[in-house]
$ cat protein_9.pdb   # PDB, C-alpha atoms, pLDDT in the B column
ATOM      1  CA  MET A  19      15.090  -4.532  -7.746  1.00 41.00           C
ATOM      2  CA  SER A  20      12.840  -1.704  -8.871  1.00 39.00           C
ATOM      3  CA  GLY A  21       9.946  -1.364 -11.263  1.00 40.00           C
ATOM      4  CA  PRO A  22      10.368  -0.089 -14.789  1.00 38.00           C
ATOM      5  CA  SER A  23       9.284   3.445 -13.946  1.00 39.00           C
ATOM      6  CA  ARG A  24      11.686   3.847 -11.033  1.00 70.00           C
ATOM      7  CA  PRO A  25      15.467   4.249 -11.017  1.00 85.00           C
ATOM      8  CA  ALA A  26      17.465   1.178  -9.965  1.00 91.00           C
ATOM      9  CA  ALA A  27      19.155   3.448  -7.411  1.00 95.00           C
ATOM     10  CA  VAL A  28      19.326   7.145  -6.614  1.00 96.00           C
ATOM     11  CA  LEU A  29      22.526   8.454  -5.041  1.00 96.00           C
ATOM     12  CA  VAL A  30      22.406  11.418  -2.646  1.00 96.00           C
ATOM     13  CA  GLY A  31      24.999  13.003  -0.428  1.00 95.00           C
ATOM     14  CA  PRO A  32      27.235  16.002   0.043  1.00 92.00           C
ATOM     15  CA  PRO A  33      29.703  17.358  -2.496  1.00 88.00           C
ATOM     16  CA  GLY A  34      32.754  15.127  -2.806  1.00 86.00           C
ATOM     17  CA  ALA A  35      31.019  11.964  -1.576  1.00 90.00           C
ATOM     18  CA  GLY A  36      31.624  10.329  -4.971  1.00 90.00           C
ATOM     19  CA  LYS A  37      28.063  10.211  -6.291  1.00 92.00           C
ATOM     20  CA  THR A  38      29.090  10.609  -9.938  1.00 92.00           C
ATOM     21  CA  THR A  39      32.109   8.283  -9.803  1.00 92.00           C
ATOM     22  CA  ILE A  40      30.266   5.573  -7.871  1.00 95.00           C
ATOM     23  CA  GLY A  41      27.115   6.112  -9.933  1.00 96.00           C
ATOM     24  CA  ARG A  42      28.914   5.434 -13.217  1.00 96.00           C
ATOM     25  CA  LYS A  43      30.556   2.282 -11.857  1.00 96.00           C
ATOM     26  CA  LEU A  44      27.325   1.094 -10.232  1.00 96.00           C
ATOM     27  CA  ALA A  45      25.404   1.554 -13.485  1.00 96.00           C
ATOM     28  CA  ARG A  46      28.018  -0.485 -15.390  1.00 96.00           C
ATOM     29  CA  ARG A  47      27.847  -3.209 -12.759  1.00 95.00           C
ATOM     30  CA  LEU A  48      24.035  -3.307 -12.936  1.00 94.00           C
ATOM     31  CA  ASP A  49      24.106  -2.993 -16.744  1.00 94.00           C
ATOM     32  CA  VAL A  50      21.855   0.074 -16.741  1.00 95.00           C
ATOM     33  CA  GLU A  51      22.224   3.704 -17.810  1.00 96.00           C
ATOM     34  CA  PHE A  52      23.713   6.368 -15.576  1.00 97.00           C
ATOM     35  CA  ARG A  53      22.522   9.962 -15.343  1.00 96.00           C
ATOM     36  CA  ASP A  54      23.725  12.856 -13.222  1.00 95.00           C
ATOM     37  CA  SER A  55      21.148  15.552 -12.452  1.00 94.00           C
ATOM     38  CA  ASP A  56      23.756  18.344 -12.481  1.00 92.00           C
ATOM     39  CA  GLN A  57      24.911  17.315 -15.965  1.00 93.00           C
ATOM     40  CA  LEU A  58      21.303  17.168 -17.164  1.00 95.00           C
ATOM     41  CA  ILE A  59      20.722  20.677 -15.823  1.00 94.00           C
ATOM     42  CA  GLU A  60      23.805  21.980 -17.644  1.00 93.00           C
ATOM     43  CA  VAL A  61      22.675  20.381 -20.903  1.00 94.00           C
ATOM     44  CA  ARG A  62      19.137  21.717 -20.616  1.00 93.00           C
ATOM     45  CA  ARG A  63      20.256  25.259 -19.814  1.00 91.00           C
ATOM     46  CA  GLY A  64      23.370  25.258 -22.020  1.00 93.00           C
ATOM     47  CA  LEU A  65      25.288  26.754 -19.098  1.00 92.00           C
ATOM     48  CA  SER A  66      27.628  25.447 -16.397  1.00 89.00           C
ATOM     49  CA  ILE A  67      26.343  25.194 -12.821  1.00 87.00           C
ATOM     50  CA  PRO A  68      28.342  28.296 -11.751  1.00 85.00           C
ATOM     51  CA  GLU A  69      26.911  30.218 -14.733  1.00 90.00           C
ATOM     52  CA  ILE A  70      23.361  29.182 -13.799  1.00 91.00           C
ATOM     53  CA  PHE A  71      23.939  30.317 -10.208  1.00 86.00           C
ATOM     54  CA  ALA A  72      25.336  33.630 -11.503  1.00 88.00           C
ATOM     55  CA  SER A  73      22.435  34.271 -13.886  1.00 92.00           C
ATOM     56  CA  ASP A  74      19.458  32.741 -12.025  1.00 91.00           C
ATOM     57  CA  GLY A  75      20.659  32.514  -8.438  1.00 89.00           C
ATOM     58  CA  GLU A  76      20.292  29.464  -6.258  1.00 87.00           C
ATOM     59  CA  ALA A  77      16.477  29.675  -6.401  1.00 90.00           C
ATOM     60  CA  GLY A  78      16.488  29.496 -10.210  1.00 91.00           C
ATOM     61  CA  PHE A  79      18.909  26.600 -10.144  1.00 91.00           C
ATOM     62  CA  ARG A  80      16.803  24.705  -7.580  1.00 90.00           C
ATOM     63  CA  GLU A  81      13.683  25.207  -9.688  1.00 93.00           C
ATOM     64  CA  ILE A  82      15.169  23.532 -12.765  1.00 93.00           C
ATOM     65  CA  GLU A  83      16.813  20.900 -10.557  1.00 93.00           C
ATOM     66  CA  GLN A  84      13.434  19.959  -9.048  1.00 94.00           C
ATOM     67  CA  GLU A  85      11.906  19.723 -12.537  1.00 94.00           C
ATOM     68  CA  ILE A  86      14.674  17.497 -13.950  1.00 94.00           C
ATOM     69  CA  VAL A  87      14.793  15.241 -10.889  1.00 93.00           C
ATOM     70  CA  GLY A  88      11.022  14.809 -11.120  1.00 93.00           C
ATOM     71  CA  GLU A  89      11.301  13.790 -14.774  1.00 93.00           C
ATOM     72  CA  MET A  90      14.056  11.279 -14.006  1.00 93.00           C
ATOM     73  CA  LEU A  91      12.236   9.758 -11.051  1.00 91.00           C
ATOM     74  CA  ALA A  92       9.106   9.303 -13.156  1.00 91.00           C
ATOM     75  CA  GLY A  93      10.625   7.645 -16.176  1.00 87.00           C
ATOM     76  CA  PHE A  94      14.238   6.530 -15.745  1.00 92.00           C
ATOM     77  CA  ASP A  95      15.202   3.018 -14.658  1.00 91.00           C
ATOM     78  CA  GLY A  96      18.982   3.338 -14.353  1.00 95.00           C
ATOM     79  CA  VAL A  97      21.237   4.844 -11.694  1.00 96.00           C
ATOM     80  CA  LEU A  98      20.629   8.525 -10.955  1.00 96.00           C
ATOM     81  CA  SER A  99      23.038  10.782  -9.082  1.00 96.00           C
ATOM     82  CA  LEU A 100      21.484  13.886  -7.553  1.00 96.00           C
ATOM     83  CA  GLY A 101      23.258  17.145  -6.839  1.00 91.00           C
ATOM     84  CA  GLY A 102      24.099  17.628  -3.170  1.00 90.00           C
ATOM     85  CA  GLY A 103      21.318  20.166  -2.625  1.00 91.00           C
ATOM     86  CA  ALA A 104      18.495  18.349  -4.424  1.00 94.00           C
ATOM     87  CA  VAL A 105      17.122  17.134  -1.086  1.00 95.00           C
ATOM     88  CA  LEU A 106      16.451  20.739  -0.037  1.00 94.00           C
ATOM     89  CA  SER A 107      13.245  20.552  -2.087  1.00 93.00           C
ATOM     90  CA  ALA A 108      10.299  19.128  -0.143  1.00 94.00           C
ATOM     91  CA  VAL A 109       8.757  18.144  -3.502  1.00 94.00           C
ATOM     92  CA  THR A 110      11.875  16.146  -4.423  1.00 94.00           C
ATOM     93  CA  ARG A 111      11.996  14.487  -1.015  1.00 95.00           C
ATOM     94  CA  GLU A 112       8.373  13.408  -1.417  1.00 94.00           C
ATOM     95  CA  ARG A 113       9.069  12.086  -4.917  1.00 93.00           C
ATOM     96  CA  LEU A 114      11.951  10.007  -3.530  1.00 94.00           C
ATOM     97  CA  ARG A 115       9.606   8.039  -1.246  1.00 91.00           C
ATOM     98  CA  GLY A 116       9.578   4.376  -2.166  1.00 89.00           C
ATOM     99  CA  THR A 117      12.793   4.694  -4.183  1.00 92.00           C
ATOM    100  CA  ARG A 118      16.051   2.965  -3.347  1.00 95.00           C
ATOM    101  CA  VAL A 119      17.953   6.039  -2.286  1.00 96.00           C
ATOM    102  CA  ILE A 120      21.569   5.450  -1.312  1.00 96.00           C
ATOM    103  CA  HIS A 121      22.887   8.106   1.064  1.00 95.00           C
ATOM    104  CA  MET A 122      26.630   8.395   0.517  1.00 94.00           C
ATOM    105  CA  THR A 123      28.485   9.831   3.504  1.00 91.00           C
ATOM    106  CA  ILE A 124      31.902  11.410   3.878  1.00 91.00           C
ATOM    107  CA  GLY A 125      33.640  13.403   6.602  1.00 88.00           C
ATOM    108  CA  VAL A 126      34.062  17.155   6.385  1.00 85.00           C
ATOM    109  CA  ALA A 127      37.850  17.162   5.864  1.00 76.00           C
ATOM    110  CA  GLU A 128      37.702  14.577   3.069  1.00 81.00           C
ATOM    111  CA  GLY A 129      34.663  16.214   1.489  1.00 79.00           C
ATOM    112  CA  VAL A 130      36.452  19.567   1.414  1.00 79.00           C
ATOM    113  CA  ARG A 131      39.606  17.966   0.000  1.00 77.00           C
ATOM    114  CA  ARG A 132      37.679  16.245  -2.789  1.00 69.00           C
ATOM    115  CA  SER A 133      35.584  19.344  -3.563  1.00 72.00           C
ATOM    116  CA  ARG A 134      38.362  21.964  -3.744  1.00 65.00           C
ATOM    117  CA  GLY A 135      38.602  23.706  -7.098  1.00 58.00           C
ATOM    118  CA  SER A 136      35.526  21.916  -8.412  1.00 55.00           C
ATOM    119  CA  GLY A 137      33.598  25.053  -9.342  1.00 57.00           C
ATOM    120  CA  ARG A 138      30.880  24.449  -6.756  1.00 58.00           C
ATOM    121  CA  PRO A 139      29.254  27.860  -6.229  1.00 54.00           C
ATOM    122  CA  LEU A 140      28.089  27.200  -2.677  1.00 54.00           C
ATOM    123  CA  LEU A 141      31.651  26.346  -1.602  1.00 59.00           C
ATOM    124  CA  ALA A 142      33.350  29.251  -3.367  1.00 58.00           C
ATOM    125  CA  GLY A 143      35.269  31.787  -1.304  1.00 66.00           C
ATOM    126  CA  GLY A 144      35.763  32.256   2.393  1.00 70.00           C
ATOM    127  CA  ASP A 145      36.356  29.453   4.850  1.00 76.00           C
ATOM    128  CA  VAL A 146      35.503  26.412   2.728  1.00 78.00           C
ATOM    129  CA  THR A 147      35.645  24.049   5.700  1.00 84.00           C
ATOM    130  CA  ALA A 148      33.142  26.140   7.670  1.00 85.00           C
ATOM    131  CA  ARG A 149      30.878  26.436   4.611  1.00 83.00           C
ATOM    132  CA  TYR A 150      31.054  22.679   3.997  1.00 85.00           C
ATOM    133  CA  GLN A 151      30.295  21.937   7.671  1.00 88.00           C
ATOM    134  CA  ALA A 152      27.313  24.313   7.635  1.00 88.00           C
ATOM    135  CA  MET A 153      26.041  22.716   4.409  1.00 87.00           C
ATOM    136  CA  LEU A 154      26.402  19.234   5.892  1.00 91.00           C
ATOM    137  CA  THR A 155      24.672  20.268   9.127  1.00 93.00           C
ATOM    138  CA  GLU A 156      21.699  21.579   7.142  1.00 92.00           C
ATOM    139  CA  ARG A 157      21.449  18.695   4.693  1.00 93.00           C
ATOM    140  CA  ALA A 158      22.443  15.573   6.678  1.00 93.00           C
ATOM    141  CA  PRO A 159      18.990  15.151   8.286  1.00 95.00           C
ATOM    142  CA  LEU A 160      17.403  15.468   4.828  1.00 96.00           C
ATOM    143  CA  TYR A 161      19.736  12.848   3.336  1.00 95.00           C
ATOM    144  CA  ARG A 162      18.888  10.511   6.210  1.00 94.00           C
ATOM    145  CA  ALA A 163      15.165  11.179   5.812  1.00 95.00           C
ATOM    146  CA  VAL A 164      15.138  10.011   2.177  1.00 95.00           C
ATOM    147  CA  ALA A 165      17.707   7.206   2.536  1.00 95.00           C
ATOM    148  CA  TRP A 166      16.850   3.587   1.961  1.00 94.00           C
ATOM    149  CA  ALA A 167      20.484   2.687   2.738  1.00 93.00           C
ATOM    150  CA  THR A 168      23.576   4.570   3.867  1.00 93.00           C
ATOM    151  CA  VAL A 169      27.152   3.849   2.782  1.00 93.00           C
ATOM    152  CA  THR A 170      30.365   5.640   3.600  1.00 89.00           C
ATOM    153  CA  THR A 171      32.819   6.442   0.844  1.00 89.00           C
ATOM    154  CA  GLU A 172      35.575   7.697   3.129  1.00 85.00           C
ATOM    155  CA  ARG A 173      38.760   5.607   3.017  1.00 86.00           C
ATOM    156  CA  ARG A 174      37.057   2.998   0.809  1.00 88.00           C
ATOM    157  CA  SER A 175      37.787   2.130  -2.781  1.00 87.00           C
ATOM    158  CA  SER A 176      35.047   2.830  -5.280  1.00 89.00           C
ATOM    159  CA  GLY A 177      34.984  -0.894  -6.071  1.00 90.00           C
ATOM    160  CA  LYS A 178      34.174  -1.799  -2.460  1.00 93.00           C
ATOM    161  CA  VAL A 179      31.480   0.867  -2.283  1.00 93.00           C
ATOM    162  CA  VAL A 180      29.882  -0.401  -5.514  1.00 95.00           C
ATOM    163  CA  THR A 181      29.991  -4.020  -4.315  1.00 93.00           C
ATOM    164  CA  ASP A 182      28.396  -2.934  -1.032  1.00 93.00           C
ATOM    165  CA  ILE A 183      25.570  -1.116  -2.852  1.00 94.00           C
ATOM    166  CA  VAL A 184      24.995  -3.953  -5.340  1.00 94.00           C
ATOM    167  CA  GLU A 185      24.649  -6.464  -2.528  1.00 93.00           C
ATOM    168  CA  ARG A 186      22.110  -4.280  -0.760  1.00 93.00           C
ATOM    169  CA  LEU A 187      20.114  -3.777  -3.956  1.00 91.00           C
ATOM    170  CA  GLN A 188      20.179  -7.465  -4.905  1.00 89.00           C
ATOM    171  CA  THR A 189      19.204  -8.735  -1.472  1.00 85.00           C
ATOM    172  CA  GLY A 190      16.709  -5.961  -0.822  1.00 85.00           C
ATOM    173  CA  ASP A 191      18.405  -5.503   2.554  1.00 82.00           C
ATOM    174  CA  PRO A 192      19.538  -1.905   3.110  1.00 86.00           C
ATOM    175  CA  HIS A 193      21.924  -3.134   5.825  1.00 83.00           C
ATOM    176  CA  ALA A 194      23.648  -5.981   3.906  1.00 76.00           C
ATOM    177  CA  ARG A 195      27.422  -5.676   3.924  1.00 69.00           C
ATOM    178  CA  GLY A 196      28.654  -9.163   3.084  1.00 55.00           C
ATOM    179  CA  SER A 197      31.755  -8.438   1.028  1.00 47.00           C
ATOM    180  CA  ASP A 198      32.809  -5.508   3.211  1.00 44.00           C
ATOM    181  CA  ARG A 199      32.159  -7.085   6.599  1.00 44.00           C
ATOM    182  CA  ARG A 200      35.021  -6.574   8.982  1.00 39.00           C
ATOM    183  CA  VAL A 201      35.692  -8.985  11.804  1.00 33.00           C
ATOM    184  CA  THR A 202      36.260  -7.270  15.119  1.00 33.00           C
ATOM    185  CA  ARG A 203      37.669  -9.011  18.158  1.00 31.00           C
TER     186      ARG A 203
END

$ encode --input "protein_9.pdb" --output "structure tokens"
Amino acid sequence: MSGPSRPAAVLVGPPGAGKTTIGRKLARRLDVEFRDSDQLIEVRRGLSIPEIFASDGEAGFREIEQEIVGEMLAGFDGVLSLGGGAVLSAVTRERLRGTRVIHMTIGVAEGVRRSRGSGRPLLAGGDVTARYQAMLTERAPLYRAVAWATVTTERRSSGKVVTDIVERLQTGDPHARGSDRRVTR
């Protein structure tokens, strides 16, 4: 799969796509460690993500996010889940080159449903659907730019998504979908 200084897989995608849930299950399946960049940020700062946004603003949050993601990409060989906005950093996108980045996709309605009440500062207040759509419009090209493979999590069990990702990683084929292939007539 990947060398010892690279993660086995890096998961990117919008809020609610299931990066943490799938990441944990994928790591167990691959028998490697799992790390979530948002959790690492909270531990390092001793504050929740909303508290960091309140005290340091988005720019301060993105600065520490870029630093932690860089550290993980340089020396972690497990499964790494990145916060939805990590790809906004050109430095992070460059660091992701050559890494098996799995872009997890989800539709706006399902993403909003899964993200409601989650304490995500960029989705707080106002028309959450419009905010989510605007976020997705801005970030989708960046997710695609760093992606080695793309998988949808909408209307799929986490088990099927994990099996899909494992097959792609094991075969080295970003388009492999053996166990999830659907026959159309």

$ resolve_selection --input "protein_9.pdb" --expression "the PyMOL selection byres ((chain A and resi 97-100) around 7)" --output "list of chain:residue names"
A:Pro25, A:Ala26, A:Ala27, A:Val28, A:Leu29, A:Val30, A:Lys37, A:Thr38, A:Gly41, A:Ala45, A:Val50, A:Glu51, A:Phe52, A:Arg53, A:Asp54, A:Ser55, A:Asp95, A:Gly96, A:Gly101, A:Gly102, A:Ala104

$ closest_residue --input "protein_9.pdb" --among "A:Ile120, A:Glu85, A:Ala148, A:Ala158" --to "His193 of chain A" --atoms "all atoms listed in the file"
A:Ile120

$ residues_near_point --input "protein_9.pdb" --point "(33.3, 7.2, -3.3)" --cutoff "8 Å" --atoms "only C-alpha atoms" --output "NGL selection string"
:A and (34-37 or 39-40 or 122 or 170-172 or 174-176 or 179)

$ closest_residue --input "protein_9.pdb" --among "A:Val105, A:Leu65, A:Ala77, A:Leu48" --to "Arg157 of chain A" --atoms "all atoms listed in the file"
A:Val105

$ resolve_selection --input "protein_9.pdb" --expression "the PyMOL selection byres ((chain A and resi 189-192) around 9)" --output "PyMOL selection string"
chain A and resi 19+118+120+166-168+183-188+193-195

$ write_last_selection --input "protein_9.pdb" --atoms "C-alpha atoms" --output "PDB file, in the coordinates of the input"
ATOM      1  CA  MET A  19      15.090  -4.532  -7.746  1.00 41.00           C
ATOM      2  CA  ARG A 118      16.051   2.965  -3.347  1.00 95.00           C
ATOM      3  CA  ILE A 120      21.569   5.450  -1.312  1.00 96.00           C
ATOM      4  CA  TRP A 166      16.850   3.587   1.961  1.00 94.00           C
ATOM      5  CA  ALA A 167      20.484   2.687   2.738  1.00 93.00           C
ATOM      6  CA  THR A 168      23.576   4.570   3.867  1.00 93.00           C
ATOM      7  CA  ILE A 183      25.570  -1.116  -2.852  1.00 94.00           C
ATOM      8  CA  VAL A 184      24.995  -3.953  -5.340  1.00 94.00           C
ATOM      9  CA  GLU A 185      24.649  -6.464  -2.528  1.00 93.00           C
ATOM     10  CA  ARG A 186      22.110  -4.280  -0.760  1.00 93.00           C
ATOM     11  CA  LEU A 187      20.114  -3.777  -3.956  1.00 91.00           C
ATOM     12  CA  GLN A 188      20.179  -7.465  -4.905  1.00 89.00           C
ATOM     13  CA  HIS A 193      21.924  -3.134   5.825  1.00 83.00           C
ATOM     14  CA  ALA A 194      23.648  -5.981   3.906  1.00 76.00           C
ATOM     15  CA  ARG A 195      27.422  -5.676   3.924  1.00 69.00           C
TER      16      ARG A 195
END

$ residues_around --input "protein_9.pdb" --residues "Glu89 of chain A" --least-positions-apart "2" --cutoff "12 Å" --atoms "only C-alpha atoms" --output "list of chain:residue names"
A:Ser23, A:Arg24, A:Pro25, A:Arg53, A:Ser55, A:Leu58, A:Ile59, A:Ile82, A:Glu83, A:Gln84, A:Glu85, A:Ile86, A:Val87, A:Leu91, A:Ala92, A:Gly93, A:Phe94, A:Asp95, A:Leu98, A:Thr110, A:Arg113, A:Leu114

$ decode --input "protein_9.pdb" --residues "segment 112-123 of chain A" --atoms "N, CA and C atoms" --output "tab-separated table (two decimals), in the first residue's frame"
chain	number	residue	atom	x	y	z
A	112	GLU	N	-0.57	20.49	-1.40
A	112	GLU	CA	0.72	20.07	-1.95
A	112	GLU	C	1.27	18.88	-1.17
A	113	ARG	N	1.14	18.91	0.14
A	113	ARG	CA	1.63	17.80	0.97
A	113	ARG	C	0.87	16.50	0.70
A	114	LEU	N	-0.35	16.61	0.24
A	114	LEU	CA	-1.17	15.41	-0.04
A	114	LEU	C	-0.78	14.73	-1.35
A	115	ARG	N	0.01	15.39	-2.18
A	115	ARG	CA	0.43	14.77	-3.45
A	115	ARG	C	1.13	13.46	-3.18
A	116	GLY	N	0.78	12.45	-3.96
A	116	GLY	CA	1.42	11.15	-3.82
A	116	GLY	C	0.85	10.30	-2.69
A	117	THR	N	-0.18	10.80	-2.02
A	117	THR	CA	-0.80	10.08	-0.92
A	117	THR	C	-2.13	9.51	-1.39
A	118	ARG	N	-2.52	8.40	-0.83
A	118	ARG	CA	-3.79	7.79	-1.20
A	118	ARG	C	-4.91	8.51	-0.47
A	119	VAL	N	-5.38	9.55	-1.12
A	119	VAL	CA	-6.44	10.39	-0.56
A	119	VAL	C	-7.78	9.88	-1.08
A	120	ILE	N	-8.67	9.56	-0.16
A	120	ILE	CA	-10.00	9.10	-0.49
A	120	ILE	C	-10.97	10.26	-0.30
A	121	HIS	N	-11.56	10.71	-1.38
A	121	HIS	CA	-12.55	11.79	-1.35
A	121	HIS	C	-13.91	11.15	-1.11
A	122	MET	N	-14.49	11.45	0.05
A	122	MET	CA	-15.79	10.91	0.40
A	122	MET	C	-16.86	11.94	0.05
A	123	THR	N	-17.83	11.53	-0.76
A	123	THR	CA	-18.85	12.46	-1.22
A	123	THR	C	-20.20	12.16	-0.56
